[in-house]
$ cat final.cif   # mmCIF, C-alpha atoms and all ligand atoms
data_protein
loop_
_atom_site.group_PDB
_atom_site.id
_atom_site.type_symbol
_atom_site.label_atom_id
_atom_site.label_comp_id
_atom_site.auth_asym_id
_atom_site.auth_seq_id
_atom_site.Cartn_x
_atom_site.Cartn_y
_atom_site.Cartn_z
ATOM 1 C CA MET A 1446 25.957 -28.702 -13.544
ATOM 2 C CA ASP A 1447 27.273 -27.642 -10.151
ATOM 3 C CA THR A 1448 24.742 -28.911 -7.600
ATOM 4 C CA SER A 1449 24.624 -28.785 -3.812
ATOM 5 C CA LYS A 1450 23.087 -31.255 -1.380
ATOM 6 C CA ALA A 1451 20.798 -30.806 1.620
ATOM 7 C CA THR A 1452 19.187 -33.253 4.038
ATOM 8 C CA LEU A 1453 15.561 -32.999 5.131
ATOM 9 C CA THR A 1454 15.325 -32.561 8.891
ATOM 10 C CA LYS A 1455 11.615 -31.794 9.293
ATOM 11 C CA HIS A 1456 8.373 -32.126 7.319
ATOM 12 C CA THR A 1457 5.398 -30.152 8.638
ATOM 13 C CA ASP A 1458 1.928 -30.171 7.116
ATOM 14 C CA LEU A 1459 0.607 -26.587 7.183
ATOM 15 C CA THR A 1460 -2.763 -27.384 5.552
ATOM 16 C CA TYR A 1461 -4.282 -30.362 3.682
ATOM 17 C CA ASN A 1462 -2.178 -29.403 0.628
ATOM 18 C CA VAL A 1463 0.603 -27.057 1.786
ATOM 19 C CA PHE A 1464 3.666 -28.341 3.609
ATOM 20 C CA GLU A 1465 6.878 -26.929 4.989
ATOM 21 C CA LEU A 1466 10.256 -28.651 4.637
ATOM 22 C CA THR A 1467 13.315 -27.826 6.714
ATOM 23 C CA PHE A 1468 16.729 -28.715 5.308
ATOM 24 C CA THR A 1469 20.311 -28.680 6.576
ATOM 25 C CA THR A 1470 22.838 -28.138 3.799
ATOM 26 C CA GLU A 1471 25.881 -30.332 3.275
ATOM 27 C CA ASP A 1472 27.958 -27.141 3.087
ATOM 28 C CA PRO A 1473 27.667 -25.454 6.501
ATOM 29 C CA ALA A 1474 28.616 -22.113 4.883
ATOM 30 C CA PHE A 1475 25.575 -22.171 2.538
ATOM 31 C CA GLU A 1476 23.971 -18.699 2.554
ATOM 32 C CA TYR A 1477 21.085 -16.952 0.816
ATOM 33 C CA LYS A 1478 19.361 -13.600 0.679
ATOM 34 C CA ALA A 1479 15.733 -13.274 1.786
ATOM 35 C CA GLY A 1480 13.523 -13.611 -1.305
ATOM 36 C CA GLN A 1481 15.838 -15.926 -3.270
ATOM 37 C CA PHE A 1482 14.995 -19.415 -4.542
ATOM 38 C CA ILE A 1483 16.669 -22.750 -5.201
ATOM 39 C CA THR A 1484 16.107 -25.147 -8.083
ATOM 40 C CA ILE A 1485 15.752 -28.814 -7.173
ATOM 41 C CA LYS A 1486 16.760 -31.691 -9.434
ATOM 42 C CA LEU A 1487 14.113 -34.420 -9.352
ATOM 43 C CA PRO A 1488 15.501 -37.969 -9.209
ATOM 44 C CA GLN A 1489 15.020 -39.677 -12.567
ATOM 45 C CA PRO A 1490 15.891 -43.142 -13.874
ATOM 46 C CA GLU A 1491 19.128 -43.316 -15.971
ATOM 47 C CA GLY A 1492 18.681 -41.865 -19.442
ATOM 48 C CA GLU A 1493 15.467 -40.003 -18.617
ATOM 49 C CA PRO A 1494 15.388 -36.227 -19.220
ATOM 50 C CA LEU A 1495 16.376 -33.900 -16.411
ATOM 51 C CA ILE A 1496 13.455 -32.377 -14.451
ATOM 52 C CA MET A 1497 13.998 -29.325 -12.244
ATOM 53 C CA ARG A 1498 11.603 -27.291 -10.088
ATOM 54 C CA SER A 1499 12.251 -23.969 -8.365
ATOM 55 C CA TYR A 1500 11.160 -23.091 -4.803
ATOM 56 C CA SER A 1501 11.463 -19.827 -2.913
ATOM 57 C CA ILE A 1502 13.107 -20.036 0.473
ATOM 58 C CA SER A 1503 10.550 -19.156 3.150
ATOM 59 C CA SER A 1504 12.862 -18.875 6.164
ATOM 60 C CA LYS A 1505 14.883 -15.977 7.471
ATOM 61 C CA PRO A 1506 18.469 -16.235 6.159
ATOM 62 C CA THR A 1507 20.314 -18.740 8.362
ATOM 63 C CA LYS A 1508 23.694 -20.253 7.483
ATOM 64 C CA GLY A 1509 23.536 -23.943 6.575
ATOM 65 C CA GLN A 1510 19.736 -24.199 6.777
ATOM 66 C CA PHE A 1511 16.634 -23.276 4.834
ATOM 67 C CA GLU A 1512 12.896 -23.891 4.745
ATOM 68 C CA LEU A 1513 10.530 -24.255 1.811
ATOM 69 C CA CYS A 1514 6.764 -23.880 1.777
ATOM 70 C CA ILE A 1515 5.183 -25.903 -1.005
ATOM 71 C CA LYS A 1516 1.737 -26.470 -2.424
ATOM 72 C CA LEU A 1517 0.982 -30.053 -3.379
ATOM 73 C CA ILE A 1518 -0.216 -30.072 -6.983
ATOM 74 C CA GLU A 1519 -2.306 -33.020 -8.122
ATOM 75 C CA LYS A 1520 -0.057 -35.272 -10.231
ATOM 76 C CA GLY A 1521 2.686 -32.595 -10.019
ATOM 77 C CA LYS A 1522 6.088 -34.285 -10.231
ATOM 78 C CA GLY A 1523 8.027 -31.735 -8.162
ATOM 79 C CA SER A 1524 5.602 -31.124 -5.323
ATOM 80 C CA ASN A 1525 4.742 -34.841 -4.950
ATOM 81 C CA TYR A 1526 8.420 -35.838 -4.884
ATOM 82 C CA LEU A 1527 9.124 -33.270 -2.166
ATOM 83 C CA ASN A 1528 6.027 -34.274 -0.205
ATOM 84 C CA SER A 1529 7.220 -37.902 -0.230
ATOM 85 C CA LEU A 1530 10.625 -37.049 1.311
ATOM 86 C CA LYS A 1531 11.297 -38.381 4.804
ATOM 87 C CA PRO A 1532 13.651 -36.836 7.367
ATOM 88 C CA GLY A 1533 17.193 -38.007 6.625
ATOM 89 C CA GLU A 1534 16.670 -38.058 2.852
ATOM 90 C CA GLU A 1535 18.729 -35.809 0.571
ATOM 91 C CA ILE A 1536 17.912 -33.409 -2.238
ATOM 92 C CA GLU A 1537 20.195 -32.091 -4.961
ATOM 93 C CA PHE A 1538 19.767 -28.455 -5.961
ATOM 94 C CA ILE A 1539 21.301 -25.408 -7.574
ATOM 95 C CA GLY A 1540 21.205 -21.924 -6.133
ATOM 96 C CA PRO A 1541 20.369 -19.801 -4.310
ATOM 97 C CA VAL A 1542 19.525 -17.387 -7.119
ATOM 98 C CA GLY A 1543 17.002 -14.647 -7.830
ATOM 99 C CA HIS A 1544 16.592 -10.893 -7.707
ATOM 100 C CA PHE A 1545 13.332 -10.781 -5.715
ATOM 101 C CA THR A 1546 15.271 -9.449 -2.758
ATOM 102 C CA PHE A 1547 14.683 -6.505 -0.467
ATOM 103 C CA LYS A 1548 15.759 -3.106 -1.813
ATOM 104 C CA THR A 1549 16.916 -0.990 1.106
ATOM 105 C CA ASN A 1550 15.296 2.432 1.082
ATOM 106 C CA PRO A 1551 14.320 3.734 4.534
ATOM 107 C CA ASP A 1552 12.222 6.551 3.032
ATOM 108 C CA LYS A 1553 9.749 4.165 1.430
ATOM 109 C CA ARG A 1554 6.837 2.206 2.806
ATOM 110 C CA VAL A 1555 6.877 -1.480 1.899
ATOM 111 C CA LEU A 1556 3.767 -3.163 0.499
ATOM 112 C CA LEU A 1557 3.966 -6.941 0.128
ATOM 113 C CA ILE A 1558 1.277 -8.864 -1.748
ATOM 114 C CA GLY A 1559 1.163 -12.647 -1.890
ATOM 115 C CA THR A 1560 -1.349 -15.367 -2.618
ATOM 116 C CA GLY A 1561 -1.060 -19.034 -1.621
ATOM 117 C CA THR A 1562 2.526 -20.216 -1.277
ATOM 118 C CA GLY A 1563 3.533 -16.865 -2.797
ATOM 119 C CA LEU A 1564 3.811 -15.927 0.865
ATOM 120 C CA ALA A 1565 7.082 -17.926 1.098
ATOM 121 C CA PRO A 1566 9.653 -15.320 -0.044
ATOM 122 C CA LEU A 1567 7.639 -12.490 1.555
ATOM 123 C CA LYS A 1568 7.840 -14.261 4.924
ATOM 124 C CA SER A 1569 11.608 -14.570 4.531
ATOM 125 C CA ILE A 1570 11.895 -10.867 3.659
ATOM 126 C CA LEU A 1571 9.691 -9.821 6.603
ATOM 127 C CA GLU A 1572 11.521 -11.998 9.118
ATOM 128 C CA GLU A 1573 14.858 -10.604 7.996
ATOM 129 C CA GLN A 1574 13.947 -6.965 7.462
ATOM 130 C CA LEU A 1575 11.500 -6.106 10.268
ATOM 131 C CA PRO A 1576 14.123 -6.237 13.034
ATOM 132 C CA ASN A 1577 16.514 -4.131 10.900
ATOM 133 C CA ASN A 1578 14.065 -1.378 9.954
ATOM 134 C CA PRO A 1579 11.944 -0.406 12.971
ATOM 135 C CA ASP A 1580 11.083 3.012 11.510
ATOM 136 C CA GLN A 1581 9.899 1.780 8.133
ATOM 137 C CA LYS A 1582 6.238 0.789 7.598
ATOM 138 C CA PHE A 1583 5.606 -2.716 6.232
ATOM 139 C CA HIS A 1584 2.155 -3.908 5.169
ATOM 140 C CA LEU A 1585 1.346 -7.395 3.912
ATOM 141 C CA LEU A 1586 -1.724 -8.372 1.927
ATOM 142 C CA PHE A 1587 -2.078 -12.163 1.913
ATOM 143 C CA GLY A 1588 -4.813 -13.998 0.068
ATOM 144 C CA VAL A 1589 -6.006 -17.589 -0.099
ATOM 145 C CA ARG A 1590 -9.289 -19.081 -1.214
ATOM 146 C CA HIS A 1591 -10.878 -20.873 1.760
ATOM 147 C CA ILE A 1592 -10.438 -21.082 5.547
ATOM 148 C CA LYS A 1593 -8.896 -24.538 5.072
ATOM 149 C CA ASP A 1594 -6.164 -22.918 2.932
ATOM 150 C CA LEU A 1595 -4.871 -20.643 5.699
ATOM 151 C CA PHE A 1596 -1.316 -21.113 6.956
ATOM 152 C CA TYR A 1597 1.411 -19.109 8.757
ATOM 153 C CA GLN A 1598 -1.293 -17.106 10.557
ATOM 154 C CA ASP A 1599 0.393 -17.518 13.956
ATOM 155 C CA ASP A 1600 3.741 -16.460 12.480
ATOM 156 C CA LEU A 1601 2.227 -13.308 10.952
ATOM 157 C CA SER A 1602 0.389 -12.491 14.144
ATOM 158 C CA ALA A 1603 3.623 -12.900 16.155
ATOM 159 C CA LEU A 1604 5.492 -10.615 13.737
ATOM 160 C CA ALA A 1605 2.780 -7.957 14.086
ATOM 161 C CA THR A 1606 2.978 -8.216 17.887
ATOM 162 C CA GLN A 1607 6.771 -7.927 17.898
ATOM 163 C CA HIS A 1608 6.982 -5.105 15.337
ATOM 164 C CA GLU A 1609 4.707 -2.078 15.630
ATOM 165 C CA ASN A 1610 5.682 -1.022 12.117
ATOM 166 C CA PHE A 1611 4.177 -4.210 10.603
ATOM 167 C CA THR A 1612 0.506 -4.687 9.757
ATOM 168 C CA TYR A 1613 -1.152 -7.358 7.629
ATOM 169 C CA ILE A 1614 -4.454 -8.392 6.158
ATOM 170 C CA THR A 1615 -5.381 -11.973 5.385
ATOM 171 C CA THR A 1616 -8.271 -12.160 2.976
ATOM 172 C CA LEU A 1617 -10.268 -15.170 1.771
ATOM 173 C CA SER A 1618 -11.710 -15.003 -1.731
ATOM 174 C CA GLN A 1619 -14.320 -17.665 -0.863
ATOM 175 C CA PRO A 1620 -14.664 -17.825 2.937
ATOM 176 C CA GLU A 1621 -17.803 -20.028 2.802
ATOM 177 C CA SER A 1622 -18.103 -19.356 6.533
ATOM 178 C CA GLU A 1623 -20.315 -16.852 8.267
ATOM 179 C CA ASP A 1624 -18.102 -17.173 11.350
ATOM 180 C CA TRP A 1625 -15.027 -15.887 9.513
ATOM 181 C CA VAL A 1626 -16.805 -12.730 8.408
ATOM 182 C CA ALA A 1627 -18.669 -12.340 11.729
ATOM 183 C CA GLN A 1628 -15.339 -12.468 13.584
ATOM 184 C CA GLY A 1629 -13.977 -9.639 11.458
ATOM 185 C CA GLY A 1630 -12.185 -11.815 8.893
ATOM 186 C CA LYS A 1631 -11.664 -10.168 5.523
ATOM 187 C CA GLU A 1632 -13.427 -11.378 2.414
ATOM 188 C CA GLY A 1633 -12.437 -10.843 -1.223
ATOM 189 C CA ARG A 1634 -9.458 -11.182 -3.524
ATOM 190 C CA VAL A 1635 -6.270 -9.218 -2.856
ATOM 191 C CA THR A 1636 -7.143 -7.064 -5.851
ATOM 192 C CA ALA A 1637 -10.368 -5.933 -4.140
ATOM 193 C CA TYR A 1638 -8.212 -4.455 -1.352
ATOM 194 C CA LEU A 1639 -5.828 -2.790 -3.729
ATOM 195 C CA GLU A 1640 -8.783 -1.221 -5.507
ATOM 196 C CA LYS A 1641 -9.343 0.899 -2.391
ATOM 197 C CA LEU A 1642 -5.815 2.353 -2.435
ATOM 198 C CA THR A 1643 -5.376 5.873 -3.742
ATOM 199 C CA PRO A 1644 -2.287 7.309 -5.465
ATOM 200 C CA GLU A 1645 -1.700 9.212 -2.174
ATOM 201 C CA ASN A 1646 -1.600 5.907 -0.245
ATOM 202 C CA LEU A 1647 0.990 4.617 -2.681
ATOM 203 C CA GLN A 1648 3.314 7.573 -2.606
ATOM 204 C CA LYS A 1649 6.808 6.601 -1.550
ATOM 205 C CA THR A 1650 6.063 2.877 -1.675
ATOM 206 C CA ASN A 1651 8.028 -0.138 -2.860
ATOM 207 C CA ALA A 1652 5.785 -3.102 -3.706
ATOM 208 C CA TYR A 1653 6.733 -6.801 -3.696
ATOM 209 C CA ILE A 1654 4.322 -9.242 -5.367
ATOM 210 C CA CYS A 1655 4.564 -13.032 -5.390
ATOM 211 C CA GLY A 1656 2.276 -15.797 -6.632
ATOM 212 C CA LEU A 1657 0.810 -17.165 -9.824
ATOM 213 C CA LYS A 1658 1.145 -15.232 -13.069
ATOM 214 C CA ASN A 1659 -2.444 -13.972 -13.414
ATOM 215 C CA MET A 1660 -2.498 -12.424 -9.956
ATOM 216 C CA VAL A 1661 0.953 -10.880 -10.369
ATOM 217 C CA LEU A 1662 0.031 -9.333 -13.730
ATOM 218 C CA GLN A 1663 -3.273 -8.012 -12.406
ATOM 219 C CA VAL A 1664 -1.680 -6.477 -9.321
ATOM 220 C CA GLN A 1665 1.183 -4.947 -11.334
ATOM 221 C CA GLU A 1666 -1.318 -3.324 -13.656
ATOM 222 C CA MET A 1667 -3.462 -2.004 -10.800
ATOM 223 C CA LEU A 1668 -0.488 -0.511 -8.982
ATOM 224 C CA GLN A 1669 0.724 1.166 -12.133
ATOM 225 C CA GLN A 1670 -2.724 2.578 -12.850
ATOM 226 C CA LYS A 1671 -2.671 4.036 -9.361
ATOM 227 C CA GLY A 1672 0.551 5.823 -10.123
ATOM 228 C CA LEU A 1673 3.206 3.521 -8.674
ATOM 229 C CA PRO A 1674 6.172 3.615 -11.076
ATOM 230 C CA LYS A 1675 7.262 0.316 -12.637
ATOM 231 C CA GLU A 1676 10.681 0.616 -10.969
ATOM 232 C CA ALA A 1677 9.018 0.512 -7.534
ATOM 233 C CA VAL A 1678 7.304 -2.828 -8.201
ATOM 234 C CA TYR A 1679 9.255 -6.066 -7.720
ATOM 235 C CA PHE A 1680 7.734 -9.462 -8.413
ATOM 236 C CA GLU A 1681 8.275 -13.235 -8.496
ATOM 237 C CA ARG A 1682 6.049 -15.422 -10.629
ATOM 238 C CA PHE A 1683 5.613 -19.127 -9.861
ATOM 239 C CA ASN A 1684 4.347 -20.073 -13.342
HETATM 240 C C1 LIG Y 1 11.145 -18.752 -8.949
HETATM 241 C C2 LIG Y 1 10.057 -19.739 -8.540
HETATM 242 C C3 LIG Y 1 9.804 -19.939 -7.195
HETATM 243 C C4 LIG Y 1 8.811 -20.825 -6.798
HETATM 244 N N1 LIG Y 1 8.559 -20.994 -5.481
HETATM 245 C C5 LIG Y 1 7.548 -21.817 -5.081
HETATM 246 C C6 LIG Y 1 7.242 -21.947 -3.678
HETATM 247 O O1 LIG Y 1 7.874 -21.335 -2.802
HETATM 248 N N2 LIG Y 1 6.223 -22.774 -3.347
HETATM 249 C C7 LIG Y 1 5.478 -23.465 -4.295
HETATM 250 O O2 LIG Y 1 4.546 -24.192 -3.915
HETATM 251 N N3 LIG Y 1 5.762 -23.349 -5.608
HETATM 252 C C8 LIG Y 1 6.786 -22.565 -6.026
HETATM 253 N N4 LIG Y 1 7.089 -22.458 -7.361
HETATM 254 C C9 LIG Y 1 6.383 -23.359 -8.316
HETATM 255 C C10 LIG Y 1 7.161 -24.688 -8.457
HETATM 256 O O3 LIG Y 1 8.382 -24.450 -9.136
HETATM 257 C C11 LIG Y 1 6.399 -25.728 -9.280
HETATM 258 O O4 LIG Y 1 5.965 -25.155 -10.481
HETATM 259 C C12 LIG Y 1 5.207 -26.275 -8.518
HETATM 260 O O5 LIG Y 1 5.625 -26.955 -7.350
HETATM 261 C C13 LIG Y 1 4.449 -27.274 -9.409
HETATM 262 O O6 LIG Y 1 5.341 -28.259 -9.833
HETATM 263 P P1 LIG Y 1 4.870 -29.784 -9.980
HETATM 264 O O7 LIG Y 1 5.944 -30.532 -10.691
HETATM 265 O O8 LIG Y 1 4.403 -30.324 -8.656
HETATM 266 O O9 LIG Y 1 3.574 -29.666 -10.883
HETATM 267 P P2 LIG Y 1 3.492 -29.355 -12.452
HETATM 268 O O10 LIG Y 1 2.810 -30.499 -13.083
HETATM 269 O O11 LIG Y 1 4.768 -28.903 -13.004
HETATM 270 O O12 LIG Y 1 2.542 -28.042 -12.403
HETATM 271 C C14 LIG Y 1 1.152 -28.106 -12.482
HETATM 272 C C15 LIG Y 1 0.515 -26.720 -12.418
HETATM 273 O O13 LIG Y 1 0.741 -26.125 -11.148
HETATM 274 C C16 LIG Y 1 0.727 -24.708 -11.266
HETATM 275 N N5 LIG Y 1 1.421 -24.165 -10.093
HETATM 276 C C17 LIG Y 1 2.750 -23.995 -9.920
HETATM 277 N N6 LIG Y 1 2.997 -23.493 -8.680
HETATM 278 C C18 LIG Y 1 1.803 -23.369 -8.061
HETATM 279 C C19 LIG Y 1 1.415 -22.910 -6.792
HETATM 280 N N7 LIG Y 1 2.310 -22.515 -5.882
HETATM 281 N N8 LIG Y 1 0.087 -22.889 -6.495
HETATM 282 C C20 LIG Y 1 -0.829 -23.328 -7.393
HETATM 283 N N9 LIG Y 1 -0.514 -23.770 -8.617
HETATM 284 C C21 LIG Y 1 0.782 -23.803 -8.957
HETATM 285 C C22 LIG Y 1 1.408 -24.483 -12.597
HETATM 286 O O14 LIG Y 1 0.933 -23.290 -13.168
HETATM 287 C C23 LIG Y 1 0.982 -25.698 -13.442
HETATM 288 O O15 LIG Y 1 -0.159 -25.353 -14.187
HETATM 289 C C24 LIG Y 1 8.070 -21.567 -7.791
HETATM 290 C C25 LIG Y 1 8.343 -21.353 -9.141
HETATM 291 C C26 LIG Y 1 9.318 -20.464 -9.512
HETATM 292 C C27 LIG Y 1 9.586 -20.253 -10.990
#

$ encode --input "final.cif" --output "structure tokens"
Amino acid sequence: MDTSKATLTKHTDLTYNVFELTFTTEDPAFEYKAGQFITIKLPQPEGEPLIMRSYSISSKPTKGQFELCIKLIEKGKGSNYLNSLKPGEEIEFIGPVGHFTFKTNPDKRVLLIGTGTGLAPLKSILEEQLPNNPDQKFHLLFGVRHIKDLFYQDDLSALATQHENFTYITTLSQPESEDWVAQGGKEGRVTAYLEKLTPENLQKTNAYICGLKNMVLQVQEMLQQKGLPKEAVYFERFN
């Protein structure tokens, strides 16, 4: 197996269970497309079976560097190994690979839908594509469960300030806070927002969905029922 190496340069906690890792690759020419992922080899004692975990790159394509945004899963081998890494430590990985990349089509609006760390590849796509496509409308629908699960809100707000063609909604399925709703925060699952879309809203749209399987399947089905052709819906499933 042809693997590459990268060194952790920064570990940032984004919430109580989501963290961001910044790596510098051993090969300074390492490149990736927004939306792609890498597959990390977990260190194992001699003779033990190989364990690999895939992670979408969350940063804007930058030579020799990449960021990951990872949810810590209780007793999860991959996420706990990555969370334990200290700056200076190395990972071994294969990639980048993946077809969840931006499809250039200036005539189409772009609808991005992500839940939890499913935001990772969408953030990479937005950061790369917004400066290149000032006349194309981009809308992101981002969902998490609780206020304590929110992350990358400042980054999204900055993108919306810098790019008039970008709007986004962050919605909490269980806000458990009157303040959130009182301050105009959105409540409900991402599917509740999609419910309101009409086939007219979805005309000339390319949709990008990323997150856990159930959400992706549900959203795919809803978009198709509302008339969006299968070929206009791109997705990445984390499980
Ligand atoms: C192409 C691809 C890209 C991925 N990109 C990311 C990414 O950018 N960030 C990320 O956090 N994960 C990502 N994943 C998921 C990741 O590969 C692991 O499955 C995840 O980290 C759990 O691995 P683990 O060994 O810690 O736990 P395991 O014991 O292997 O998994 C435990 C459970 O966690 C669930 N799970 C997996 N991912 C998530 C998640 N993000 N949120 C909630 N539950 C989850 C699984 O369904 C499983 O039931 C990606 C998966 C794929 C296939």

$ residues_near_ligand --input "final.cif" --ligand "ligand LIG 1 (chain Y)" --cutoff "8 Å" --atoms "only C-alpha atoms and all ligand atoms" --output "ChimeraX atom specification"
/A:1463,1481-1484,1498-1503,1513-1526,1543,1561-1566,1656-1657,1681-1684

$ resolve_selection --input "final.cif" --expression "the PyMOL selection byres (((chain A and resi 1509) around 9) and not hetatm)" --output "number ranges by chain"
A: 1451, 1468-1476, 1507-1508, 1510-1511

$ closest_residue --input "final.cif" --among "A:Thr1636, A:Thr1448, A:Asn1610, A:Thr1546" --to "Phe1583 of chain A" --atoms "all atoms listed in the file"
A:Asn1610

$ closest_residue --input "final.cif" --among "A:Lys1582, A:Thr1467, A:Asn1550, A:Val1678" --to "Glu1666 of chain A" --atoms "all atoms listed in the file"
A:Val1678

$ atom_distance --input "final.cif" --atom1 "atom CA of Gly1630 of chain A" --atom2 "atom CA of Lys1649 of chain A"
28.4 Å

$ atom_distance --input "final.cif" --atom1 "atom CA of Tyr1461 of chain A" --atom2 "atom CA of Lys1593 of chain A"
7.6 Å

$ residues_around --input "final.cif" --residues "Lys1548 of chain A" --least-positions-apart "2" --cutoff "10 Å" --atoms "all atoms listed in the file" --output "PyMOL selection string"
chain A and resi 1544-1546+1550-1551+1553+1555+1651+1653+1677+1679
